[in-house]
Each structure stands twice: as C-alpha cells, then as structure tokens.
$ cat protein-v5.pdb   # PDB, C-alpha atoms
ATOM      1  CA  MET A   1    -193.228 107.146 149.204  1.00  0.00           C
ATOM      2  CA  ASN A   2    -195.446 107.269 152.276  1.00  0.00           C
ATOM      3  CA  PHE A   3    -198.857 108.735 151.352  1.00  0.00           C
ATOM      4  CA  SER A   4    -198.917 110.926 154.466  1.00  0.00           C
ATOM      5  CA  GLN A   5    -195.545 112.432 153.446  1.00  0.00           C
ATOM      6  CA  SER A   6    -196.933 113.323 150.025  1.00  0.00           C
ATOM      7  CA  MET A   7    -199.877 115.243 151.501  1.00  0.00           C
ATOM      8  CA  PRO A   8    -199.409 118.997 151.161  1.00  0.00           C
ATOM      9  CA  THR A   9    -199.443 121.307 154.152  1.00  0.00           C
ATOM     10  CA  GLY A  10    -200.033 124.376 152.016  1.00  0.00           C
ATOM     11  CA  ILE A  11    -200.960 125.361 148.469  1.00  0.00           C
ATOM     12  CA  ARG A  12    -200.815 128.922 147.182  1.00  0.00           C
ATOM     13  CA  VAL A  13    -201.813 130.055 143.717  1.00  0.00           C
ATOM     14  CA  LYS A  14    -199.989 133.204 142.689  1.00  0.00           C
ATOM     15  CA  THR A  15    -202.114 134.229 139.736  1.00  0.00           C
ATOM     16  CA  LYS A  16    -200.126 137.316 138.787  1.00  0.00           C
ATOM     17  CA  GLU A  17    -196.786 135.449 138.882  1.00  0.00           C
ATOM     18  CA  LYS A  18    -198.337 132.335 137.264  1.00  0.00           C
ATOM     19  CA  ILE A  19    -196.866 130.117 139.976  1.00  0.00           C
ATOM     20  CA  LEU A  20    -198.360 127.370 142.137  1.00  0.00           C
ATOM     21  CA  GLU A  21    -196.490 127.035 145.417  1.00  0.00           C
ATOM     22  CA  ILE A  22    -196.882 123.798 147.331  1.00  0.00           C
ATOM     23  CA  ASP A  23    -195.444 122.681 150.669  1.00  0.00           C
ATOM     24  CA  PHE A  24    -195.286 119.032 151.736  1.00  0.00           C
ATOM     25  CA  ARG A  25    -195.184 117.367 155.148  1.00  0.00           C
ATOM     26  CA  ASP A  26    -191.639 116.131 154.536  1.00  0.00           C
ATOM     27  CA  GLY A  27    -190.481 119.770 154.525  1.00  0.00           C
ATOM     28  CA  LYS A  28    -190.030 120.130 150.756  1.00  0.00           C
ATOM     29  CA  SER A  29    -191.560 123.136 149.004  1.00  0.00           C
ATOM     30  CA  TYR A  30    -191.858 123.844 145.302  1.00  0.00           C
ATOM     31  CA  SER A  31    -192.770 126.779 143.060  1.00  0.00           C
ATOM     32  CA  LEU A  32    -194.251 125.268 139.915  1.00  0.00           C
ATOM     33  CA  PRO A  33    -194.787 127.538 136.907  1.00  0.00           C
ATOM     34  CA  ALA A  34    -198.171 127.381 135.196  1.00  0.00           C
ATOM     35  CA  GLU A  35    -196.389 126.610 131.928  1.00  0.00           C
ATOM     36  CA  LEU A  36    -194.755 123.483 133.374  1.00  0.00           C
ATOM     37  CA  LEU A  37    -198.023 122.324 134.921  1.00  0.00           C
ATOM     38  CA  ARG A  38    -199.865 122.883 131.634  1.00  0.00           C
ATOM     39  CA  VAL A  39    -197.389 121.153 129.322  1.00  0.00           C
ATOM     40  CA  GLU A  40    -197.028 118.236 131.772  1.00  0.00           C
ATOM     41  CA  SER A  41    -200.749 117.920 132.484  1.00  0.00           C
ATOM     42  CA  PRO A  42    -201.629 114.374 133.541  1.00  0.00           C
ATOM     43  CA  SER A  43    -204.690 114.480 131.255  1.00  0.00           C
ATOM     44  CA  ALA A  44    -205.167 111.983 128.449  1.00  0.00           C
ATOM     45  CA  GLU A  45    -205.192 114.965 126.065  1.00  0.00           C
ATOM     46  CA  VAL A  46    -201.511 115.561 126.877  1.00  0.00           C
ATOM     47  CA  GLN A  47    -200.207 112.186 128.093  1.00  0.00           C
ATOM     48  CA  GLY A  48    -202.213 110.047 125.677  1.00  0.00           C
ATOM     49  CA  HIS A  49    -203.107 106.489 126.624  1.00  0.00           C
ATOM     50  CA  GLY A  50    -199.610 105.029 126.420  1.00  0.00           C
ATOM     51  CA  ALA A  51    -195.946 105.908 126.834  1.00  0.00           C
ATOM     52  CA  LYS A  52    -195.417 106.818 123.177  1.00  0.00           C
ATOM     53  CA  GLU A  53    -198.590 108.897 122.819  1.00  0.00           C
ATOM     54  CA  LYS A  54    -197.513 111.970 124.792  1.00  0.00           C
ATOM     55  CA  LYS A  55    -198.156 115.184 122.884  1.00  0.00           C
ATOM     56  CA  LEU A  56    -195.906 118.207 122.832  1.00  0.00           C
ATOM     57  CA  ILE A  57    -197.905 121.179 124.037  1.00  0.00           C
ATOM     58  CA  ALA A  58    -196.115 124.244 122.705  1.00  0.00           C
ATOM     59  CA  GLN A  59    -196.774 127.969 122.874  1.00  0.00           C
ATOM     60  CA  ARG A  60    -197.858 127.955 126.536  1.00  0.00           C
ATOM     61  CA  ARG A  61    -195.295 130.389 127.937  1.00  0.00           C
ATOM     62  CA  HIS A  62    -197.999 132.894 128.886  1.00  0.00           C
ATOM     63  CA  VAL A  63    -200.579 130.444 130.237  1.00  0.00           C
ATOM     64  CA  GLY A  64    -202.017 131.304 133.633  1.00  0.00           C
ATOM     65  CA  PHE A  65    -204.489 129.995 136.167  1.00  0.00           C
ATOM     66  CA  LEU A  66    -208.248 130.454 136.237  1.00  0.00           C
ATOM     67  CA  GLY A  67    -208.675 128.353 139.361  1.00  0.00           C
ATOM     68  CA  VAL A  68    -207.672 125.354 141.419  1.00  0.00           C
ATOM     69  CA  GLU A  69    -210.048 122.972 143.177  1.00  0.00           C
ATOM     70  CA  ASN A  70    -209.632 119.951 145.418  1.00  0.00           C
ATOM     71  CA  VAL A  71    -210.348 116.478 144.069  1.00  0.00           C
ATOM     72  CA  GLY A  72    -211.062 114.425 147.161  1.00  0.00           C
ATOM     73  CA  ASN A  73    -208.094 114.371 149.527  1.00  0.00           C
ATOM     74  CA  TYR A  74    -205.567 113.138 146.965  1.00  0.00           C
ATOM     75  CA  ALA A  75    -205.331 115.724 144.169  1.00  0.00           C
ATOM     76  CA  ILE A  76    -206.251 119.069 142.644  1.00  0.00           C
ATOM     77  CA  ARG A  77    -207.737 120.040 139.295  1.00  0.00           C
ATOM     78  CA  ILE A  78    -206.204 123.109 137.713  1.00  0.00           C
ATOM     79  CA  ARG A  79    -208.166 125.310 135.327  1.00  0.00           C
ATOM     80  CA  PHE A  80    -205.856 127.178 132.962  1.00  0.00           C
ATOM     81  CA  ASP A  81    -206.676 130.332 131.041  1.00  0.00           C
ATOM     82  CA  ASP A  82    -206.319 128.419 127.754  1.00  0.00           C
ATOM     83  CA  PHE A  83    -209.393 126.523 129.048  1.00  0.00           C
ATOM     84  CA  HIS A  84    -207.597 123.239 129.658  1.00  0.00           C
ATOM     85  CA  ASP A  85    -209.045 121.710 132.818  1.00  0.00           C
ATOM     86  CA  SER A  86    -209.077 117.935 132.448  1.00  0.00           C
ATOM     87  CA  GLY A  87    -205.862 117.095 134.305  1.00  0.00           C
ATOM     88  CA  ILE A  88    -206.068 115.771 137.862  1.00  0.00           C
ATOM     89  CA  TYR A  89    -202.791 116.445 139.634  1.00  0.00           C
ATOM     90  CA  SER A  90    -202.240 113.957 142.463  1.00  0.00           C
ATOM     91  CA  TRP A  91    -200.006 114.975 145.356  1.00  0.00           C
ATOM     92  CA  GLU A  92    -197.483 112.372 144.205  1.00  0.00           C
ATOM     93  CA  TYR A  93    -197.459 113.804 140.671  1.00  0.00           C
ATOM     94  CA  LEU A  94    -196.973 117.374 141.936  1.00  0.00           C
ATOM     95  CA  LYS A  95    -194.084 116.162 144.107  1.00  0.00           C
ATOM     96  CA  PHE A  96    -192.607 114.365 141.077  1.00  0.00           C
ATOM     97  CA  LEU A  97    -192.851 117.565 139.012  1.00  0.00           C
ATOM     98  CA  GLY A  98    -191.193 119.545 141.787  1.00  0.00           C
ATOM     99  CA  ASP A  99    -188.385 117.025 142.247  1.00  0.00           C
ATOM    100  CA  ASN A 100    -187.741 116.692 138.497  1.00  0.00           C
ATOM    101  CA  ALA A 101    -188.626 120.092 137.014  1.00  0.00           C
ATOM    102  CA  GLU A 102    -185.114 120.762 135.727  1.00  0.00           C
ATOM    103  CA  ASP A 103    -184.890 117.400 133.914  1.00  0.00           C
ATOM    104  CA  ILE A 104    -188.416 117.764 132.543  1.00  0.00           C
ATOM    105  CA  TRP A 105    -187.587 121.197 131.073  1.00  0.00           C
ATOM    106  CA  ALA A 106    -184.376 119.840 129.552  1.00  0.00           C
ATOM    107  CA  LEU A 107    -186.256 116.962 127.924  1.00  0.00           C
ATOM    108  CA  SER A 108    -188.875 119.364 126.581  1.00  0.00           C
ATOM    109  CA  LEU A 109    -186.167 121.452 124.916  1.00  0.00           C
ATOM    110  CA  ILE A 110    -184.594 118.329 123.403  1.00  0.00           C
ATOM    111  CA  HIS A 111    -188.013 117.245 122.153  1.00  0.00           C
ATOM    112  CA  ILE A 112    -188.517 120.568 120.421  1.00  0.00           C
ATOM    113  CA  SER A 113    -185.068 120.585 118.812  1.00  0.00           C
ATOM    114  CA  GLU A 114    -184.547 116.845 118.196  1.00  0.00           C
ATOM    115  CA  PRO A 115    -187.797 114.901 118.611  1.00  0.00           C
ATOM    116  CA  THR A 116    -186.339 111.594 117.387  1.00  0.00           C
ATOM    117  CA  ARG A 117    -183.927 111.479 120.354  1.00  0.00           C
ATOM    118  CA  LEU A 118    -186.547 112.162 123.046  1.00  0.00           C
ATOM    119  CA  GLY A 119    -187.623 108.588 123.702  1.00  0.00           C
ATOM    120  CA  MET A 120    -184.085 107.311 124.083  1.00  0.00           C
ATOM    121  CA  ILE A 121    -182.964 110.218 126.282  1.00  0.00           C
ATOM    122  CA  SER A 122    -186.042 110.338 128.523  1.00  0.00           C
ATOM    123  CA  TYR A 123    -185.786 106.595 129.121  1.00  0.00           C
ATOM    124  CA  ALA A 124    -182.141 106.972 130.142  1.00  0.00           C
ATOM    125  CA  VAL A 125    -182.761 109.967 132.434  1.00  0.00           C
ATOM    126  CA  PHE A 126    -185.662 108.431 134.294  1.00  0.00           C
ATOM    127  CA  CYS A 127    -183.947 105.047 134.619  1.00  0.00           C
ATOM    128  CA  LEU A 128    -181.156 106.811 136.474  1.00  0.00           C
ATOM    129  CA  LYS A 129    -183.521 108.343 139.012  1.00  0.00           C
TER     130      LYS A 129
END
$ encode --input "protein-v5.pdb" --output "structure tokens"
Amino acid sequence: MNFSQSMPTGIRVKTKEKILEIDFRDGKSYSLPAELLRVESPSAEVQGHGAKEKKLIAQRRHVGFLGVENVGNYAIRIRFDDFHDSGIYSWEYLKFLGDNAEDIWALSLIHISEPTRLGMISYAVFCLK
C-alpha cells in the first residue's frame, strides 16, 4: 500500500455514538466502533509480544472515548474510558481494521465460543486475504 494513500483526509470522533469515523485519500471511509478499536488495540497489553500471546479483551461493549491525539504524522493514540491508552493506531492499522472488521468480529466470536479453534481459523482467514 502506498503510504500517501493510507493517510487520512478526515477523522471524526463521535463520542455519544462511540464511533471513530475515518476517511482515506483512496476514497474509502470507515466507521469503527470504540469496542472494536479497544479489543483490537495494537498495544502490547492486548497483542502481546508474539502471535500466540494475544489476549481476549472481553466486556468492552460499552467502552467509549476520552480523547484522540496525533502521534506524529503516521498514527493516533486513543484514550478509552476504561483508561486504556497505550495503543498507537497507525493509518495502515486503522485501514486494516476497516477493511477486515467483519472477519475480525467473526473471529472474536469464535474465540469466545471455541478458543482452541481460533489459531487455526484465523490463520486460514488471513492467508486467504
């Protein structure tokens, strides 16, 4: 992906709706729920330090935003009302979440109901992409 295409042209935080809207130069726009952004935080707390260390962050349906700030010209840091604020969301990662939100939600539901199958299924889904 061309870095200039992954730069956003607009970011709107809808605090009441708990949605982050983001528009990209390639014309794509996404509405990302706070819950998705929180449970898929790129922080080490959530992602761990390796592929098999990712933690399931449950009970975040009602999480909202306290604030969003720029990190250089490549990312934002989101402060959530559960006080998580260590994830740095690059433009590329936000675009990935927007492009794959449906698959990510499906994998989260599988993880909750059948955690032993998650690794095998997530590998297969993302290999197909």
$ residues_around --input "protein-v5.pdb" --residues "region 72-87 of chain A" --least-positions-apart "3" --cutoff "7 Å" --atoms "all atoms listed in the file" --output "PyMOL selection string"
chain A and resi 41-43+63-69+90-91
$ resolve_selection --input "protein-v5.pdb" --expression "the PyMOL selection byres ((chain A and resi 92) around 12)" --output "list in words"
Met1, Asn2, Phe3, Ser4, Gln5, Ser6, Met7, Pro8, Ile22, Phe24, Pro42, Tyr74, Ala75, Ile76, Ile88, Tyr89, Ser90, Trp91, Tyr93, Leu94, Lys95, Phe96, Leu97, Gly98 and Asp99 of chain A
$ resolve_selection --input "protein-v5.pdb" --expression "the PyMOL selection byres ((chain A and resi 14-18) around 6)" --output "list in words"
Val13, Ile19, Pro33, Ala34 and Gly64 of chain A
$ atom_distance --input "protein-v5.pdb" --atom1 "CA of Leu32 (chain A)" --atom2 "CA of Leu20 (chain A)"
5.1 Å
$ atom_distance --input "protein-v5.pdb" --atom1 "CA of Leu37 (chain A)" --atom2 "CA of Asp23 (chain A)"
16.0 Å
$ atom_distance --input "protein-v5.pdb" --atom1 "CA of Asn70 (chain A)" --atom2 "CA of Thr9 (chain A)"
13.5 Å
$ decode --input "protein-v5.pdb" --residues "region 82-97 of chain A" --atoms "all heavy atoms" --output "tab-separated table (two decimals), in the first residue's frame"
chain	number	residue	atom	x	y	z
A	82	ASP	N	-12.16	3.24	29.72
A	82	ASP	CA	-11.71	2.23	30.69
A	82	ASP	C	-10.24	2.47	31.05
A	82	ASP	O	-9.60	1.64	31.66
A	82	ASP	CB	-11.93	0.81	30.17
A	82	ASP	CG	-11.05	0.45	28.98
A	82	ASP	OD1	-10.33	1.33	28.45
A	82	ASP	OD2	-11.07	-0.72	28.57
A	83	PHE	N	-9.73	3.63	30.63
A	83	PHE	CA	-8.39	4.14	30.91
A	83	PHE	C	-7.27	3.44	30.15
A	83	PHE	O	-6.10	3.65	30.44
A	83	PHE	CB	-8.11	4.19	32.43
A	83	PHE	CG	-9.11	5.03	33.13
A	83	PHE	CD1	-10.09	4.46	33.92
A	83	PHE	CD2	-9.14	6.41	32.97
A	83	PHE	CE1	-11.05	5.23	34.55
A	83	PHE	CE2	-10.09	7.20	33.58
A	83	PHE	CZ	-11.05	6.61	34.38
A	84	HIS	N	-7.62	2.65	29.16
A	84	HIS	CA	-6.59	2.09	28.28
A	84	HIS	C	-6.16	3.20	27.32
A	84	HIS	O	-7.01	3.86	26.72
A	84	HIS	CB	-7.14	0.90	27.49
A	84	HIS	CG	-6.15	0.34	26.51
A	84	HIS	ND1	-5.07	-0.40	26.91
A	84	HIS	CD2	-6.07	0.44	25.17
A	84	HIS	CE1	-4.36	-0.74	25.85
A	84	HIS	NE2	-4.97	-0.24	24.78
A	85	ASP	N	-4.85	3.40	27.20
A	85	ASP	CA	-4.37	4.46	26.30
A	85	ASP	C	-2.99	4.17	25.72
A	85	ASP	O	-2.32	5.07	25.23
A	85	ASP	CB	-4.36	5.81	27.01
A	85	ASP	CG	-3.34	5.89	28.13
A	85	ASP	OD1	-2.67	4.87	28.44
A	85	ASP	OD2	-3.19	6.98	28.71
A	86	SER	N	-2.57	2.92	25.74
A	86	SER	CA	-1.21	2.62	25.30
A	86	SER	C	-1.10	2.14	23.85
A	86	SER	O	-0.01	1.90	23.37
A	86	SER	CB	-0.56	1.59	26.23
A	86	SER	OG	-1.31	0.40	26.24
A	87	GLY	N	-2.22	2.04	23.15
A	87	GLY	CA	-2.16	1.61	21.76
A	87	GLY	C	-1.92	2.78	20.82
A	87	GLY	O	-2.54	3.83	20.96
A	88	ILE	N	-1.01	2.60	19.87
A	88	ILE	CA	-0.78	3.60	18.83
A	88	ILE	C	-1.30	3.01	17.53
A	88	ILE	O	-0.79	2.01	17.03
A	88	ILE	CB	0.71	3.97	18.74
A	88	ILE	CG1	1.14	4.64	20.04
A	88	ILE	CG2	0.97	4.88	17.54
A	88	ILE	CD1	2.60	4.98	20.12
A	89	TYR	N	-2.33	3.63	17.00
A	89	TYR	CA	-3.04	3.13	15.83
A	89	TYR	C	-2.49	3.82	14.58
A	89	TYR	O	-2.80	4.98	14.31
A	89	TYR	CB	-4.54	3.44	15.96
A	89	TYR	CG	-5.21	2.72	17.10
A	89	TYR	CD1	-5.05	3.16	18.42
A	89	TYR	CD2	-5.99	1.61	16.88
A	89	TYR	CE1	-5.67	2.50	19.47
A	89	TYR	CE2	-6.62	0.94	17.92
A	89	TYR	CZ	-6.44	1.39	19.22
A	89	TYR	OH	-7.05	0.73	20.24
A	90	SER	N	-1.66	3.12	13.83
A	90	SER	CA	-1.12	3.68	12.58
A	90	SER	C	-2.25	3.78	11.56
A	90	SER	O	-3.28	3.10	11.67
A	90	SER	CB	0.00	2.79	12.03
A	90	SER	OG	-0.53	1.57	11.55
A	91	TRP	N	-2.05	4.62	10.55
A	91	TRP	CA	-3.06	4.75	9.50
A	91	TRP	C	-3.27	3.40	8.82
A	91	TRP	O	-4.41	3.03	8.52
A	91	TRP	CB	-2.64	5.79	8.46
A	91	TRP	CG	-2.27	7.13	9.01
A	91	TRP	CD1	-1.22	7.91	8.60
A	91	TRP	CD2	-2.92	7.89	10.04
A	91	TRP	NE1	-1.19	9.08	9.32
A	91	TRP	CE2	-2.22	9.10	10.21
A	91	TRP	CE3	-4.04	7.67	10.86
A	91	TRP	CZ2	-2.59	10.07	11.13
A	91	TRP	CZ3	-4.40	8.62	11.79
A	91	TRP	CH2	-3.69	9.81	11.91
A	92	GLU	N	-2.19	2.67	8.60
A	92	GLU	CA	-2.30	1.35	7.96
A	92	GLU	C	-3.13	0.40	8.80
A	92	GLU	O	-3.93	-0.38	8.27
A	92	GLU	CB	-0.93	0.74	7.68
A	92	GLU	CG	-0.14	1.44	6.60
A	92	GLU	CD	0.65	2.65	7.09
A	92	GLU	OE1	0.63	2.93	8.33
A	92	GLU	OE2	1.24	3.34	6.27
A	93	TYR	N	-2.93	0.44	10.14
A	93	TYR	CA	-3.68	-0.46	11.01
A	93	TYR	C	-5.16	-0.10	11.03
A	93	TYR	O	-6.03	-0.97	11.00
A	93	TYR	CB	-3.09	-0.46	12.43
A	93	TYR	CG	-3.70	-1.50	13.32
A	93	TYR	CD1	-3.61	-2.85	12.99
A	93	TYR	CD2	-4.38	-1.16	14.47
A	93	TYR	CE1	-4.19	-3.83	13.79
A	93	TYR	CE2	-4.96	-2.13	15.29
A	93	TYR	CZ	-4.85	-3.46	14.95
A	93	TYR	OH	-5.42	-4.42	15.74
A	94	LEU	N	-5.47	1.20	11.06
A	94	LEU	CA	-6.87	1.63	11.03
A	94	LEU	C	-7.53	1.21	9.71
A	94	LEU	O	-8.69	0.77	9.70
A	94	LEU	CB	-6.97	3.14	11.22
A	94	LEU	CG	-6.65	3.62	12.64
A	94	LEU	CD1	-6.42	5.12	12.66
A	94	LEU	CD2	-7.73	3.21	13.62
A	95	LYS	N	-6.80	1.30	8.62
A	95	LYS	CA	-7.33	0.87	7.32
A	95	LYS	C	-7.55	-0.65	7.33
A	95	LYS	O	-8.57	-1.14	6.84
A	95	LYS	CB	-6.36	1.26	6.21
A	95	LYS	CG	-6.96	1.25	4.84
A	95	LYS	CD	-6.07	2.06	3.92
A	95	LYS	CE	-6.63	2.35	2.59
A	95	LYS	NZ	-8.04	2.36	2.42
A	96	PHE	N	-6.62	-1.39	7.91
A	96	PHE	CA	-6.77	-2.84	8.04
A	96	PHE	C	-8.02	-3.18	8.85
A	96	PHE	O	-8.81	-4.03	8.46
A	96	PHE	CB	-5.53	-3.44	8.72
A	96	PHE	CG	-5.71	-4.87	9.12
A	96	PHE	CD1	-5.55	-5.89	8.20
A	96	PHE	CD2	-6.05	-5.20	10.42
A	96	PHE	CE1	-5.73	-7.22	8.57
A	96	PHE	CE2	-6.23	-6.52	10.80
A	96	PHE	CZ	-6.08	-7.53	9.86
A	97	LEU	N	-8.21	-2.49	9.98
A	97	LEU	CA	-9.41	-2.74	10.79
A	97	LEU	C	-10.69	-2.43	10.01
A	97	LEU	O	-11.65	-3.20	10.06
A	97	LEU	CB	-9.37	-1.92	12.08
A	97	LEU	CG	-8.33	-2.33	13.12
A	97	LEU	CD1	-8.33	-1.35	14.28
A	97	LEU	CD2	-8.56	-3.75	13.60
